[in-house]
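A short worksheet on the structure shown next.
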Amino acid sequence: MCKAAGLSMPGGISHHGNGLVVLKRHGNRGKMKVTYLYHSGFAVEMDNYVFIFDYYRGELPVWDQDKTIVFFASHKHQDHFQMKIFDLYGQYKKLHYFLSSDIRLSEAYLERWGVDAAVRESVTRIGKNQKICWQDITVETLRSTDEGVAFIVSAEGKVIYHGGDLNWWHWEGEEASWNERMAEDYKSEISRIEGRHFDVAFVPLDPRLGSSFGRGMEVFLQKTDAAVVFPMHMWEDYSVITDFKKSAAGKSCAGRIMEITVPGQEFRL
């Protein structure tokens with residue numbers, strides 16, 4: 001059963017011919033624009049900040065130079081982190097990176113990739129179950145059930161959740177004991193945020209898990225108060241969104257789950 005959302009529940013959805021999706025929301029304290037980049041990569045643009053999560057492929061928009069650009073990388077896997085995120089270093093006057101502590105960033109390693117070692121001054125390394133206040137935002141982490149961390153970012157009166165690879169990875173053919181431990185680990189970590197409100201959440205919905213693809217999403221929706229949820233980690237098989245929304249677990253939450261159809265798609269919240 002889907003947990004009832006708070007006052008930020010969408011009040012209506014309109015689709016525009018250019019692929020733009022606009023949500024009318026009740027109790028909204030500020031606007032956000034979410035751009036789906038690719039896979040688990042999203043950009044969230046606010047009044048003063050732009051947050052880019054797990055970018056490794058896709059075209060990045062051009063943002064106002066007055067805004068603070070912040071990259072988040074949940075872990076070192078190639079579908080969540082690429083060194084090209086440092087290409088923007090120097091292009092924006094206010095730029096920062098929050099990188100999971102499992103990502104290599106020595107001076108020698110940066111030099112090997114042709115990245116100015118000075119970029120390390122704009123990097124904050126962060127591990128599991130940490131809380132860091134930076135400028136006027138707060139960054140919290142959870143421990144992933146795979147590698148690295150999940151992020152919770154609070155800024156401008158909004159709270160954003162990005163799960164990274166924190167998911168219920170129930171693999172068909174895996175040993176029962178492994179899958180049981182995975183279930184326990186995932187539920188334990190999600191219990192740390194039980195009842196918390198998220199204005200926007202990005203949660204894995206991976207078709208490779210077969211009939212178990214929605215287990216992690218279901219638990220997340222049951223335990224948290226998420227107003228708008230973007231599925232991710234779909235490997236371009238966006239049909240799983242519709243499949244989940246039609247499932248017994250997803251029907252009661254269908255109005256809050258966003259339909260992603262193509263990289264570059266924009267959503268105004």
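By order in the structure tokens, chains are A, B, ...; within a chain, residues start at 1; ligands start at 1, following the order shown.
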Selection near region 207-214 of chain A, 8 Å with only C-alpha atoms, sequence-local residues under 2 positions removed, as a list in words: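 The residues that qualify are Trp169, His170, Trp171, Glu172, Leu205, Gly216, Met217, Glu218, Met234, Trp235, Asp237, Val240 and Phe244 of chain A.
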Pick out the residues sitting within 8 Å of region 142-158 of chain A, and hand them over as number ranges by chain; count only C-alpha atoms, and ignore anything fewer than 4 positions along from it in its own chain. A: 29-30, 46-47, 74-77, 100-102, 127-130, 136-138, 162-169, 182, 185-186, 189, 198-199
Nearest candidate to Phe267 (chain A) (options A:Met232, A:Val200, A:Tyr49, A:Val115; using only C-alpha atoms):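 Ranked by minimum distance to Phe267 (chain A), first place goes to A:Val200.
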Given the choices A:Glu259, A:Asp206, A:Asp116, A:Glu111, which gets closest to Leu88 (chain A) if the distance is worked out from only C-alpha atoms?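 Looking only at the distances to Leu88 (chain A), the closest residue turns out to be A:Asp116.
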Using DSSP assignments from the backbone, pull out every residue in region 77-185 of chain A that falls under strand (DSSP E or B) and give it to me as number ranges by chain. A: 89, 92, 95-100, 123-126, 131-134, 137-143, 149-155, 158-162
Just-selected residues, C-alpha atoms written as a PDB file, in the first residue's frame:
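Wrote selection.pdb, looks like this:
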```pdb
ATOM      1  CA  TYR A  89      35.461  23.053 -13.898  1.00  0.00           C
ATOM      2  CA  TYR A  92      31.023  28.084 -14.006  1.00  0.00           C
ATOM      3  CA  LEU A  95      30.907  24.902  -8.935  1.00  0.00           C
ATOM      4  CA  HIS A  96      31.249  22.110  -6.391  1.00  0.00           C
ATOM      5  CA  TYR A  97      31.337  18.307  -6.284  1.00  0.00           C
ATOM      6  CA  PHE A  98      30.089  15.831  -3.690  1.00  0.00           C
ATOM      7  CA  LEU A  99      31.688  12.481  -4.469  1.00  0.00           C
ATOM      8  CA  SER A 100      31.276   9.149  -2.730  1.00  0.00           C
ATOM      9  CA  VAL A 123      35.413  18.487  -4.008  1.00  0.00           C
ATOM     10  CA  THR A 124      33.817  17.178  -0.841  1.00  0.00           C
ATOM     11  CA  ARG A 125      34.296  13.450  -0.239  1.00  0.00           C
ATOM     12  CA  ILE A 126      31.443  11.811   1.593  1.00  0.00           C
ATOM     13  CA  LYS A 131      25.650  14.625   7.252  1.00  0.00           C
ATOM     14  CA  ILE A 132      27.462  17.674   5.895  1.00  0.00           C
ATOM     15  CA  CYS A 133      26.333  21.295   5.876  1.00  0.00           C
ATOM     16  CA  TRP A 134      27.839  23.233   2.973  1.00  0.00           C
ATOM     17  CA  ILE A 137      22.463  23.269   1.868  1.00  0.00           C
ATOM     18  CA  THR A 138      22.565  20.028   3.837  1.00  0.00           C
ATOM     19  CA  VAL A 139      23.782  16.760   2.331  1.00  0.00           C
ATOM     20  CA  GLU A 140      23.032  13.443   4.039  1.00  0.00           C
ATOM     21  CA  THR A 141      23.877   9.935   2.909  1.00  0.00           C
ATOM     22  CA  LEU A 142      22.641   6.398   3.314  1.00  0.00           C
ATOM     23  CA  ARG A 143      24.665   3.237   2.773  1.00  0.00           C
ATOM     24  CA  VAL A 149      25.896   6.028  -1.054  1.00  0.00           C
ATOM     25  CA  ALA A 150      22.422   7.420  -1.585  1.00  0.00           C
ATOM     26  CA  PHE A 151      21.975  11.199  -1.251  1.00  0.00           C
ATOM     27  CA  ILE A 152      19.465  13.360   0.594  1.00  0.00           C
ATOM     28  CA  VAL A 153      19.870  17.036  -0.257  1.00  0.00           C
ATOM     29  CA  SER A 154      18.001  19.826   1.534  1.00  0.00           C
ATOM     30  CA  ALA A 155      18.007  23.272  -0.076  1.00  0.00           C
ATOM     31  CA  LYS A 158      13.004  21.388  -0.519  1.00  0.00           C
ATOM     32  CA  VAL A 159      14.276  17.889   0.182  1.00  0.00           C
ATOM     33  CA  ILE A 160      15.588  15.711  -2.661  1.00  0.00           C
ATOM     34  CA  TYR A 161      16.374  11.992  -2.487  1.00  0.00           C
ATOM     35  CA  HIS A 162      18.624  10.238  -5.006  1.00  0.00           C
TER      36      HIS A 162
END
```
